[in-house]
Amino acid sequence: MDETTMSNRAVTNANPEEALELDVVITNVVCSFSVRCHLNLQNIALKGSNVEYRRENGMLTMRLRRPYTTASIWSSGRITCTGAISEMQAKVAARRYARILEHLGFPVRFQSFRVVNVLATCCMPWPIKIVNFSMHNREMASYEPELYPGVTYRMRNPKATLRIFSTGNITVTAASVNAVETAVQRIYPLVNEFRSVRLSSSKKTESDSGEELADATGNAALPGKIPISTVVDSTFVAATKSSPPIIDAADNICGNARRRATACWASKLDKKRPRYNEASSQATVQANNLASSISHSKNNQLSRKPAKHFKDLN
């Protein structure tokens, strides 16, 4: 099986008979190694190809086309390689960089190779209620909608960081491919509890709307269906007017976040400096032009007076 796309089978606790296959796509593998010798970066920049010497950072960037990777090279002999999509491809790219440096005349010894970081993505077949998920897993999950649109879940065993979005997309960062696979298998039952259903754009029938109304009001739902919060048609709104509105804690959190973001942007707009094309700035420019024209006319008058004086003497 190709390492770039792994097929993980996760089974829910509620229905063990139903199995779901998830495709985990590896997008980036970061590795590091050492060549055990001092590297003259300026010499590499002059003789090498596909290189970029950043003298202010004290490093050199080299790129390969096959495999398409980028290496950051330091004069101490430490090299970091990014852009590979598998551990084997990362090792091949690292050895090619070492061989290029050897052809440039450096006594290279390929040592201390290790995979530092693996970035992978997967998509759940349903959206996720990230607000409820973050409230239920407060110890390891953090959700700041003003800073980042997803939930940051830090898993301890295996050590991995997951970014969970409301669309169902999950980004996993771990130390190896096996750790990524294990993290996806362990996060699946946690997010499955907070799954939601995408509503179709077509109008629902009267019977379907009646079932959704029964689920929303807390009555017994039909067997085999999960009670979910759905939108009720306008024909059934009159039947629920007598019942008091139910406000969820998740709605309060989202509303408070929107209000704080609006207040923050309003304060930034108040403190923003006026642009050139605004009315206040145009008035300032006109006043400056008028002042400069007045000073220029005064200078001209002063320069003409000595000429008249000399004419009178003649």
# chains A, B, ... in the order shown; residues from 1 in each chain; ligands from 1
$ select_by_dssp --residues "range 69-193 of chain A" --states "alpha helix (DSSP H)" --output "VMD selection string"
chain A and resid 87 to 103 130 to 136 177 to 192
$ write_last_selection --atoms "N, CA, C and O atoms" --output "short mmCIF file (atom, residue, chain, number, x, y, z; two decimals), in the first residue's frame"
data_model
loop_
_atom_site.label_atom_id
_atom_site.label_comp_id
_atom_site.auth_asym_id
_atom_site.auth_seq_id
_atom_site.Cartn_x
_atom_site.Cartn_y
_atom_site.Cartn_z
N GLU A 87 7.98 8.62 3.73
CA GLU A 87 9.26 8.50 4.43
C GLU A 87 10.36 8.00 3.49
O GLU A 87 11.51 8.45 3.57
N MET A 88 10.03 7.07 2.60
CA MET A 88 11.02 6.56 1.66
C MET A 88 11.46 7.66 0.68
O MET A 88 12.65 7.79 0.37
N GLN A 89 10.50 8.46 0.23
CA GLN A 89 10.86 9.56 -0.69
C GLN A 89 11.71 10.60 0.02
O GLN A 89 12.63 11.18 -0.60
N ALA A 90 11.47 10.86 1.29
CA ALA A 90 12.29 11.80 2.04
C ALA A 90 13.73 11.30 2.16
O ALA A 90 14.68 12.08 2.04
N LYS A 91 13.90 10.00 2.39
CA LYS A 91 15.26 9.47 2.50
C LYS A 91 15.99 9.51 1.17
O LYS A 91 17.19 9.82 1.10
N VAL A 92 15.29 9.22 0.07
CA VAL A 92 15.90 9.30 -1.26
C VAL A 92 16.35 10.73 -1.56
O VAL A 92 17.46 10.97 -2.07
N ALA A 93 15.49 11.71 -1.25
CA ALA A 93 15.85 13.11 -1.49
C ALA A 93 17.05 13.52 -0.64
O ALA A 93 17.94 14.24 -1.11
N ALA A 94 17.11 13.07 0.62
CA ALA A 94 18.23 13.43 1.48
C ALA A 94 19.54 12.88 0.94
O ALA A 94 20.57 13.57 0.93
N ARG A 95 19.53 11.65 0.45
CA ARG A 95 20.76 11.07 -0.10
C ARG A 95 21.18 11.77 -1.40
O ARG A 95 22.38 11.88 -1.70
N ARG A 96 20.22 12.25 -2.16
CA ARG A 96 20.57 12.99 -3.38
C ARG A 96 21.21 14.33 -3.05
O ARG A 96 22.15 14.77 -3.74
N TYR A 97 20.71 14.99 -2.02
CA TYR A 97 21.35 16.25 -1.60
C TYR A 97 22.79 15.98 -1.14
O TYR A 97 23.71 16.76 -1.45
N ALA A 98 22.98 14.92 -0.39
CA ALA A 98 24.34 14.59 0.06
C ALA A 98 25.26 14.27 -1.13
O ALA A 98 26.43 14.66 -1.15
N ARG A 99 24.74 13.58 -2.15
CA ARG A 99 25.55 13.27 -3.32
C ARG A 99 25.90 14.54 -4.11
O ARG A 99 27.01 14.66 -4.64
N ILE A 100 24.99 15.49 -4.19
CA ILE A 100 25.28 16.75 -4.87
C ILE A 100 26.42 17.49 -4.17
O ILE A 100 27.34 18.02 -4.80
N LEU A 101 26.36 17.54 -2.82
CA LEU A 101 27.42 18.20 -2.07
C LEU A 101 28.75 17.46 -2.23
O LEU A 101 29.82 18.09 -2.26
N GLU A 102 28.69 16.16 -2.37
CA GLU A 102 29.93 15.40 -2.57
C GLU A 102 30.54 15.71 -3.93
O GLU A 102 31.78 15.80 -4.07
N HIS A 103 29.71 15.88 -4.95
CA HIS A 103 30.22 16.25 -6.28
C HIS A 103 30.81 17.65 -6.30
O HIS A 103 31.64 17.95 -7.17
N ILE A 130 -18.09 21.38 16.13
CA ILE A 130 -16.81 21.60 16.80
C ILE A 130 -16.99 22.34 18.13
O ILE A 130 -16.18 22.16 19.04
N VAL A 131 -18.04 23.14 18.27
CA VAL A 131 -18.25 23.85 19.53
C VAL A 131 -18.59 22.86 20.64
O VAL A 131 -18.01 22.89 21.74
N ASN A 132 -19.52 21.95 20.36
CA ASN A 132 -19.88 20.94 21.36
C ASN A 132 -18.71 19.99 21.62
O ASN A 132 -18.50 19.55 22.75
N PHE A 133 -17.94 19.70 20.57
CA PHE A 133 -16.78 18.82 20.74
C PHE A 133 -15.74 19.46 21.66
O PHE A 133 -15.17 18.78 22.54
N SER A 134 -15.47 20.75 21.48
CA SER A 134 -14.48 21.42 22.33
C SER A 134 -14.97 21.55 23.77
O SER A 134 -14.17 21.46 24.71
N MET A 135 -16.27 21.74 23.97
CA MET A 135 -16.79 21.84 25.33
C MET A 135 -16.73 20.50 26.04
O MET A 135 -16.51 20.43 27.25
N HIS A 136 -16.92 19.40 25.29
CA HIS A 136 -16.91 18.07 25.90
C HIS A 136 -15.49 17.57 26.16
O HIS A 136 -15.28 16.73 27.04
N VAL A 177 4.54 8.20 10.23
CA VAL A 177 3.34 7.80 9.51
C VAL A 177 2.48 6.89 10.37
O VAL A 177 1.24 6.98 10.36
N ASN A 178 3.10 6.00 11.13
CA ASN A 178 2.34 5.12 12.02
C ASN A 178 1.60 5.90 13.09
O ASN A 178 0.47 5.57 13.46
N ALA A 179 2.23 6.96 13.60
CA ALA A 179 1.56 7.79 14.60
C ALA A 179 0.37 8.52 14.01
O ALA A 179 -0.67 8.69 14.67
N VAL A 180 0.47 8.93 12.76
CA VAL A 180 -0.66 9.58 12.09
C VAL A 180 -1.83 8.61 11.95
O VAL A 180 -2.99 8.95 12.23
N GLU A 181 -1.55 7.40 11.54
CA GLU A 181 -2.61 6.41 11.37
C GLU A 181 -3.28 6.09 12.70
O GLU A 181 -4.51 6.00 12.78
N THR A 182 -2.50 5.94 13.75
CA THR A 182 -3.07 5.66 15.07
C THR A 182 -3.91 6.83 15.58
O THR A 182 -4.97 6.63 16.18
N ALA A 183 -3.45 8.05 15.33
CA ALA A 183 -4.20 9.23 15.78
C ALA A 183 -5.55 9.32 15.09
O ALA A 183 -6.56 9.66 15.72
N VAL A 184 -5.59 9.01 13.80
CA VAL A 184 -6.87 9.06 13.07
C VAL A 184 -7.82 8.00 13.60
O VAL A 184 -9.03 8.24 13.77
N GLN A 185 -7.31 6.81 13.88
CA GLN A 185 -8.16 5.74 14.41
C GLN A 185 -8.71 6.08 15.78
O GLN A 185 -9.83 5.65 16.12
N ARG A 186 -7.97 6.85 16.58
CA ARG A 186 -8.44 7.17 17.93
C ARG A 186 -9.31 8.41 17.96
O ARG A 186 -10.11 8.57 18.88
N ILE A 187 -9.18 9.29 17.00
CA ILE A 187 -10.02 10.49 16.99
C ILE A 187 -11.39 10.21 16.37
O ILE A 187 -12.35 10.95 16.61
N TYR A 188 -11.50 9.16 15.59
CA TYR A 188 -12.77 8.89 14.90
C TYR A 188 -13.94 8.69 15.86
O TYR A 188 -14.99 9.32 15.71
N PRO A 189 -13.82 7.80 16.88
CA PRO A 189 -14.98 7.63 17.79
C PRO A 189 -15.31 8.88 18.59
O PRO A 189 -16.45 9.07 19.01
N LEU A 190 -14.34 9.78 18.79
CA LEU A 190 -14.61 11.00 19.54
C LEU A 190 -15.42 12.00 18.72
O LEU A 190 -16.36 12.61 19.24
N VAL A 191 -15.07 12.16 17.45
CA VAL A 191 -15.81 13.11 16.62
C VAL A 191 -17.11 12.51 16.11
O VAL A 191 -18.02 13.24 15.71
N ASN A 192 -17.23 11.18 16.14
CA ASN A 192 -18.47 10.55 15.68
C ASN A 192 -19.64 10.88 16.58
O ASN A 192 -20.79 10.90 16.14
#
$ closest_residue --among "A:Ser176, A:Gly77, A:Phe194, A:Ser267" --to "Pro107 in chain A" --atoms "only C-alpha atoms"
A:Gly77
$ closest_residue --among "A:Arg66, A:Arg259, A:Arg55, A:Lys159" --to "Val118 in chain A" --atoms "only C-alpha atoms"
A:Lys159
$ closest_residue --among "A:Cys264, A:Ile73, A:Ala257, A:Val51" --to "Tyr148 in chain A" --atoms "only C-alpha atoms"
A:Ala257
